[in-house]
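Contents: one structure, followed by commentary.
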Amino acid sequence: MLVRIDHASTTPLAEQIAAGVRGSVIRGEIGPGDRLPSARALAESIDVNLHTVLRAYATLRDEGLIDLRRGRGAVIRAEFDSGRTALNESAREFVRQARNLGLDSAHMLDLIKETSTQ
């Protein structure tokens with residue numbers, strides 16, 4: 001699992017870390033039962049304070065994505081619904097509507113890029 005953060009971003013570092021873990025789950029890079037790096041190891045690898053990583057892990061725990069257990073660390077929960085199913089359905093609906101309007105893939109990608117920068 002690779003977490004990237006942007007120290008210059010206005011998004012708090014803990015939120016960037018949590019988003020990185022969520023993204024890894026959604027992309028299938030990590031899954032149920034997989035352990036996350038220890039908070040200390042992750043903090044050292046991305047050059048942030050230990051408490052920043054602990055805050056991110058607490059957020060993920062509160063969302064139901066991970067279990068935090070003393071001595072066991074942070075583990076992806078088996079019953080977590082990453083939202084990928086709903087996201088896939090939304091993407092299919094977007095593509096269906098765009099095709100009905102006569103848009104090709106290039107125009108759909110342009111529309112997504114425009115929307116993501118707003």
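As shown in the structure tokens, the chain order sets the letters A, B, ...; within each chain, residues go from 1, and ligands are also counted from 1 in the order they appear.
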### Task
Within 12 Å of Ala39 of chain A, counting only C-alpha atoms, which residues show up once you throw out same-chain ones fewer than 4 positions away? Write them as a PyMOL selection string, please.
chain A and resi 14+17+35+43-58+68+70+72-75
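For the pair atom CA of Gly33 of chain A and atom CA of Ala91 of chain A, the interatomic distance is 27.7 Å.
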### Message
Considering only alpha helix (DSSP H) as DSSP defines it on the backbone, what residues of chain A qualify? List them as a PyMOL selection string.
### Response
chain A and resi 13-26+39-46+50-63+84-100+105-116
### Message
So that I can see what lies close to Ala18 of chain A, please list as a ChimeraX atom specification the residues with an atom at most 12 Å from it, counting only C-alpha atoms and leaving out residues fewer than 2 positions away in the same chain.
### Response
/A:2-5,11-16,20-25,36,42,52-63,65-66
### Task
Check segment 8-109 of chain A with DSSP on the backbone and list each residue it calls strand (DSSP E or B), as a list in words.
Arg35, Ile66, Asp67, Leu68, Arg69, Gly73, Ala74, Val75 and Ile76 of chain A
Go ahead and dump the residues you just picked, N, CA and C atoms, as a tab-separated table (two decimals), in the first residue's frame.
chain	number	residue	atom	x	y	z
A	35	ARG	N	-3.21	-6.19	6.89
A	35	ARG	CA	-2.73	-5.27	7.92
A	35	ARG	C	-2.20	-4.01	7.27
A	66	ILE	N	-11.53	-0.11	9.23
A	66	ILE	CA	-10.49	-0.90	9.88
A	66	ILE	C	-10.85	-1.22	11.33
A	67	ASP	N	-10.21	-2.26	11.83
A	67	ASP	CA	-10.23	-2.58	13.25
A	67	ASP	C	-8.88	-2.18	13.81
A	68	LEU	N	-8.89	-1.53	14.95
A	68	LEU	CA	-7.64	-1.20	15.64
A	68	LEU	C	-7.60	-2.01	16.92
A	69	ARG	N	-6.57	-2.83	17.06
A	69	ARG	CA	-6.43	-3.64	18.27
A	69	ARG	C	-5.00	-3.57	18.75
A	73	GLY	N	-2.56	-4.25	15.66
A	73	GLY	CA	-2.45	-3.15	14.71
A	73	GLY	C	-3.75	-2.86	13.99
A	74	ALA	N	-3.64	-2.24	12.85
A	74	ALA	CA	-4.79	-1.84	12.04
A	74	ALA	C	-4.99	-2.87	10.93
A	75	VAL	N	-6.22	-3.41	10.88
A	75	VAL	CA	-6.55	-4.46	9.93
A	75	VAL	C	-7.82	-4.07	9.18
A	76	ILE	N	-7.83	-4.29	7.86
A	76	ILE	CA	-9.01	-4.00	7.05
A	76	ILE	C	-10.13	-4.97	7.46
### Query
Just how far from atom CA of Thr117 of chain A is atom CA of Ser9 of chain A, in Å to one decimal?
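It comes out at 14.5 Å.
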